[in-house]
Amino acid sequence: MALIKTNNIAPFFKRKESQWIFTGKKLEVWIPKVYQERDLLTIGDDVSTLGIFQLRIDDALSATMMILSRVTIEFLSVRTEVEDEFEYIVLSLEKDSVFISNIFLVKDNNLIYSIFVTFLALGKIPPFLTYNIIQSLFDNDKKHCGIDLKVNHSIYEMIYAHMFRSNEDPYMFYRHTPMNKPPVIVPIHQISHGPISTSARITGSYLTEGMTSALVDDTEHRPSLVENLLRA
């Protein structure tokens with residue numbers, strides 16, 4: 001049975017001093033496994049992780065957390081899952097389990113770089129961060145990290161629009177499709193499908209890879225102003 005998405009998780013948690021306590025029956029926290037490679041996830045007696053993950057409540061509801069800070073989660077069990085070809089570390093909690101040990105965030109401006117590299121440069125965007133949700137990725141940069149990137153929101157929107165592609169044709173932007181199927185993500189650093197024109201491949205970064213891609217992977221697309229700016 002498909003999970004129902006919700007933006008209101010307040011009925012399933014209560015605050016006890018500086019902790020969040022789960023009050024439902026069953027909670028699963030789905031954390032992208034790639035966080036371990038980027039030093040964003042540490043597993044021990046508890047878990048320290050970047051606060052961008054998915055919650056699955058009582059096998060009925062799902063919610064996306066978007067916290068640009070590390071949070072500490074106490075768990076009962078942990079396992080690895082693969083869903084939609086994406087690997088996750090799944091934490092399991094039960095009623096009265098401590099979800100977040102300390103609700104007061106430690107602002108770390110260095111996290112912004114790690115998040116940018118993981119999600120944009122490397123394109124490791126988990127499926128639960130849909131095309132609409134990813135637009136707000138850096139909205140709380142100053143509030144959560146203590147640093148204001150001072151980037152116009154339209155710039156982010158152009159970057160995400162460039163990265164999200166049709167799963168049938170990675171040269172076609174996702175926004176040009178009916179958007180009724182999951183997209184594929186083309187990282188900013190990927191030369192083969194990132195630039196859709198030959199000129200953008202050979203005049204941007206990673207010259208050797210760009211020339212190889214231009215020779216091997218033929219395209220008839222005209223140069224794009226946006227992609228040329230991204231590769232400059």
# chains A, B, ... in the order shown; residues from 1 in each chain; ligands from 1

$ select_by_dssp --residues "segment 43-103 of chain A" --states "strand (DSSP E)" --output "PyMOL selection string"
chain A and resi 43+47-57+61-73+77-83+86-94+98-100

$ write_last_selection --atoms "N, CA and C atoms" --output "tab-separated table (two decimals), in the first residue's frame"
chain	number	residue	atom	x	y	z
A	43	ILE	N	27.18	6.21	12.67
A	43	ILE	CA	26.34	5.25	13.39
A	43	ILE	C	27.12	4.66	14.55
A	47	VAL	N	22.65	7.70	16.32
A	47	VAL	CA	23.02	8.11	14.96
A	47	VAL	C	23.09	9.63	14.87
A	48	SER	N	24.19	10.12	14.36
A	48	SER	CA	24.33	11.54	14.04
A	48	SER	C	24.23	11.68	12.53
A	49	THR	N	23.27	12.43	12.06
A	49	THR	CA	23.04	12.51	10.61
A	49	THR	C	22.58	13.89	10.18
A	50	LEU	N	22.85	14.20	8.92
A	50	LEU	CA	22.26	15.38	8.32
A	50	LEU	C	20.74	15.23	8.41
A	51	GLY	N	20.07	16.33	8.75
A	51	GLY	CA	18.63	16.25	8.98
A	51	GLY	C	17.77	16.25	7.74
A	52	ILE	N	18.28	15.73	6.64
A	52	ILE	CA	17.48	15.60	5.42
A	52	ILE	C	17.23	14.11	5.21
A	53	PHE	N	16.04	13.66	5.55
A	53	PHE	CA	15.69	12.25	5.43
A	53	PHE	C	14.18	12.11	5.36
A	54	GLN	N	13.73	10.88	5.20
A	54	GLN	CA	12.29	10.62	5.12
A	54	GLN	C	11.81	9.87	6.35
A	55	LEU	N	10.66	10.26	6.86
A	55	LEU	CA	10.01	9.55	7.96
A	55	LEU	C	8.86	8.73	7.41
A	56	ARG	N	8.72	7.51	7.92
A	56	ARG	CA	7.57	6.66	7.58
A	56	ARG	C	6.90	6.26	8.88
A	57	ILE	N	5.66	6.70	9.02
A	57	ILE	CA	4.96	6.60	10.29
A	57	ILE	C	3.82	5.59	10.19
A	61	LEU	N	1.94	6.77	6.66
A	61	LEU	CA	2.27	8.14	6.27
A	61	LEU	C	3.76	8.30	6.00
A	62	SER	N	4.10	9.25	5.15
A	62	SER	CA	5.50	9.60	4.92
A	62	SER	C	5.64	11.11	4.98
A	63	ALA	N	6.79	11.55	5.48
A	63	ALA	CA	7.07	12.99	5.58
A	63	ALA	C	8.54	13.21	5.32
A	64	THR	N	8.86	14.35	4.72
A	64	THR	CA	10.24	14.68	4.41
A	64	THR	C	10.76	15.73	5.38
A	65	MET	N	11.89	15.42	6.02
A	65	MET	CA	12.55	16.37	6.90
A	65	MET	C	13.62	17.12	6.10
A	66	MET	N	13.70	18.42	6.29
A	66	MET	CA	14.67	19.25	5.57
A	66	MET	C	15.36	20.16	6.57
A	67	ILE	N	16.29	19.60	7.35
A	67	ILE	CA	17.03	20.35	8.35
A	67	ILE	C	18.49	20.42	7.92
A	68	LEU	N	18.99	21.62	7.70
A	68	LEU	CA	20.38	21.81	7.26
A	68	LEU	C	21.31	21.83	8.46
A	69	SER	N	21.25	20.77	9.25
A	69	SER	CA	22.07	20.65	10.43
A	69	SER	C	22.14	19.17	10.80
A	70	ARG	N	23.10	18.82	11.63
A	70	ARG	CA	23.19	17.45	12.12
A	70	ARG	C	22.24	17.27	13.30
A	71	VAL	N	21.56	16.13	13.32
A	71	VAL	CA	20.68	15.79	14.44
A	71	VAL	C	21.09	14.42	14.96
A	72	THR	N	20.80	14.17	16.22
A	72	THR	CA	21.13	12.89	16.84
A	72	THR	C	19.84	12.12	17.10
A	73	ILE	N	19.79	10.89	16.59
A	73	ILE	CA	18.59	10.05	16.69
A	73	ILE	C	18.92	8.79	17.49
A	77	SER	N	16.71	-0.39	16.19
A	77	SER	CA	17.39	-1.29	15.26
A	77	SER	C	17.73	-0.52	14.00
A	78	VAL	N	18.68	-1.07	13.23
A	78	VAL	CA	19.12	-0.42	12.00
A	78	VAL	C	19.32	-1.48	10.93
A	79	ARG	N	18.99	-1.13	9.71
A	79	ARG	CA	19.18	-2.05	8.59
A	79	ARG	C	19.45	-1.25	7.33
A	80	THR	N	19.88	-1.94	6.28
A	80	THR	CA	20.13	-1.31	4.98
A	80	THR	C	19.05	-1.73	4.00
A	81	GLU	N	18.54	-0.79	3.25
A	81	GLU	CA	17.51	-1.06	2.25
A	81	GLU	C	17.90	-0.41	0.93
A	82	VAL	N	17.43	-1.00	-0.16
A	82	VAL	CA	17.57	-0.41	-1.49
A	82	VAL	C	16.17	-0.23	-2.06
A	83	GLU	N	15.84	1.00	-2.41
A	83	GLU	CA	14.51	1.29	-2.97
A	83	GLU	C	14.68	2.23	-4.15
A	86	PHE	N	18.20	3.21	-4.95
A	86	PHE	CA	18.87	4.14	-4.04
A	86	PHE	C	19.03	3.47	-2.69
A	87	GLU	N	20.24	3.56	-2.12
A	87	GLU	CA	20.52	2.88	-0.86
A	87	GLU	C	20.19	3.76	0.35
A	88	TYR	N	19.62	3.13	1.37
A	88	TYR	CA	19.26	3.84	2.59
A	88	TYR	C	19.74	3.09	3.82
A	89	ILE	N	20.01	3.83	4.87
A	89	ILE	CA	20.14	3.30	6.22
A	89	ILE	C	18.79	3.56	6.90
A	90	VAL	N	18.13	2.51	7.35
A	90	VAL	CA	16.79	2.64	7.92
A	90	VAL	C	16.85	2.40	9.43
A	91	LEU	N	16.44	3.41	10.18
A	91	LEU	CA	16.37	3.30	11.64
A	91	LEU	C	14.93	3.01	12.04
A	92	SER	N	14.76	2.11	13.00
A	92	SER	CA	13.42	1.76	13.48
A	92	SER	C	13.24	2.24	14.92
A	93	LEU	N	12.09	2.85	15.18
A	93	LEU	CA	11.74	3.32	16.51
A	93	LEU	C	10.32	2.87	16.84
A	94	GLU	N	9.98	2.87	18.12
A	94	GLU	CA	8.65	2.50	18.56
A	94	GLU	C	8.08	3.60	19.44
A	98	VAL	N	13.00	7.96	21.80
A	98	VAL	CA	13.53	9.31	21.61
A	98	VAL	C	13.89	9.46	20.14
A	99	PHE	N	13.19	10.33	19.45
A	99	PHE	CA	13.47	10.55	18.02
A	99	PHE	C	14.69	11.44	17.87
A	100	ILE	N	14.63	12.66	18.36
A	100	ILE	CA	15.77	13.57	18.31
A	100	ILE	C	16.19	13.90	19.74

$ residues_around --residues "Ile125 of chain A" --least-positions-apart "6" --cutoff "9 Å" --atoms "only C-alpha atoms" --output "list of chain:residue names"
A:Pro32, A:Thr118, A:Phe119, A:Ile134, A:Ile185

$ closest_residue --among "A:His144, A:Trp30, A:Asp45, A:Ala161" --to "Pro127 of chain A" --atoms "only C-alpha atoms"
A:Trp30

$ closest_residue --among "A:Ser154, A:Asn7, A:Ile103, A:Leu27" --to "Ile133 of chain A" --atoms "only C-alpha atoms"
A:Asn7

$ atom_distance --atom1 "atom CA of Leu111 of chain A" --atom2 "atom CA of Thr6 of chain A"
26.8 Å

$ atom_distance --atom1 "atom CA of Val29 of chain A" --atom2 "atom CA of Lys14 of chain A"
17.0 Å

$ residues_around --residues "Leu149 of chain A" --least-positions-apart "4" --cutoff "12 Å" --atoms "only C-alpha atoms" --output "PyMOL selection string"
chain A and resi 109+112-113+116+138-143+145+153+155-156

$ residues_around --residues "Met163 of chain A" --least-positions-apart "3" --cutoff "10 Å" --atoms "only C-alpha atoms" --output "list in words"
Leu120, Ala121, Gly123, Tyr131, Glu157, Met158, Ile159, Tyr160, Pro170, Phe173, Tyr174, Pro183, Val184, Ile185, Val186, Pro187, Ile188, Gln190, His193, Gly194 and Pro195 of chain A

$ select_by_dssp --residues "segment 63-151 of chain A" --states "helix (DSSP H, G or I)" --output "ChimeraX atom specification"
/A:111-121,134-136,141-145

$ atom_distance --atom1 "atom CA of Ser136 of chain A" --atom2 "atom CA of Val117 of chain A"
16.4 Å

$ closest_residue --among "A:Leu137, A:Leu122, A:Met179, A:Ala60" --to "Leu3 of chain A" --atoms "only C-alpha atoms"
A:Ala60

$ closest_residue --among "A:Lys25, A:Lys124, A:Lys5, A:Arg15" --to "Glu37 of chain A" --atoms "only C-alpha atoms"
A:Lys124

$ decode --residues "segment 21-85 of chain A" --atoms "C-alpha atoms" --output "compact mmCIF listing (two decimals), in the first residue's frame"
# COMPACT_ATOMS: atom_id res chain seq x y z
CA ILE A 21 9.54 11.76 21.65
CA PHE A 22 7.69 9.59 19.14
CA THR A 23 4.08 8.92 20.20
CA GLY A 24 2.88 6.75 17.34
CA LYS A 25 3.19 2.99 17.02
CA LYS A 26 6.03 2.59 14.51
CA LEU A 27 8.55 4.99 13.03
CA GLU A 28 11.16 4.38 10.33
CA VAL A 29 13.80 6.95 9.44
CA TRP A 30 15.10 6.48 5.88
CA ILE A 31 18.53 8.12 5.60
CA PRO A 32 20.51 8.16 2.31
CA LYS A 33 23.48 5.82 2.72
CA VAL A 34 25.64 8.18 0.66
CA TYR A 35 25.82 10.41 3.75
CA GLN A 36 28.38 7.99 5.18
CA GLU A 37 30.73 8.69 2.27
CA ARG A 38 30.39 12.44 2.75
CA ASP A 39 30.90 12.41 6.54
CA LEU A 40 27.26 13.36 7.08
CA LEU A 41 26.24 10.15 8.88
CA THR A 42 27.82 8.41 11.86
CA ILE A 43 26.34 5.25 13.39
CA GLY A 44 27.15 4.22 16.95
CA ASP A 45 24.99 3.79 20.04
CA ASP A 46 22.93 6.53 18.41
CA VAL A 47 23.02 8.11 14.96
CA SER A 48 24.33 11.54 14.04
CA THR A 49 23.04 12.51 10.61
CA LEU A 50 22.26 15.38 8.32
CA GLY A 51 18.63 16.25 8.98
CA ILE A 52 17.48 15.60 5.42
CA PHE A 53 15.69 12.25 5.43
CA GLN A 54 12.29 10.62 5.12
CA LEU A 55 10.01 9.55 7.96
CA ARG A 56 7.57 6.66 7.58
CA ILE A 57 4.96 6.60 10.29
CA ASP A 58 2.81 3.59 11.23
CA ASP A 59 3.27 2.13 7.72
CA ALA A 60 0.72 4.67 6.52
CA LEU A 61 2.27 8.14 6.27
CA SER A 62 5.50 9.60 4.92
CA ALA A 63 7.07 12.99 5.58
CA THR A 64 10.24 14.68 4.41
CA MET A 65 12.55 16.37 6.90
CA MET A 66 14.67 19.25 5.57
CA ILE A 67 17.03 20.35 8.35
CA LEU A 68 20.38 21.81 7.26
CA SER A 69 22.07 20.65 10.43
CA ARG A 70 23.19 17.45 12.12
CA VAL A 71 20.68 15.79 14.44
CA THR A 72 21.13 12.89 16.84
CA ILE A 73 18.59 10.05 16.69
CA GLU A 74 18.20 7.22 19.20
CA PHE A 75 17.06 3.99 17.56
CA LEU A 76 16.09 0.41 18.40
CA SER A 77 17.39 -1.29 15.26
CA VAL A 78 19.12 -0.42 12.00
CA ARG A 79 19.18 -2.05 8.59
CA THR A 80 20.13 -1.31 4.98
CA GLU A 81 17.51 -1.06 2.25
CA VAL A 82 17.57 -0.41 -1.49
CA GLU A 83 14.51 1.29 -2.97
CA ASP A 84 14.24 2.67 -6.50
CA GLU A 85 17.95 1.86 -6.95
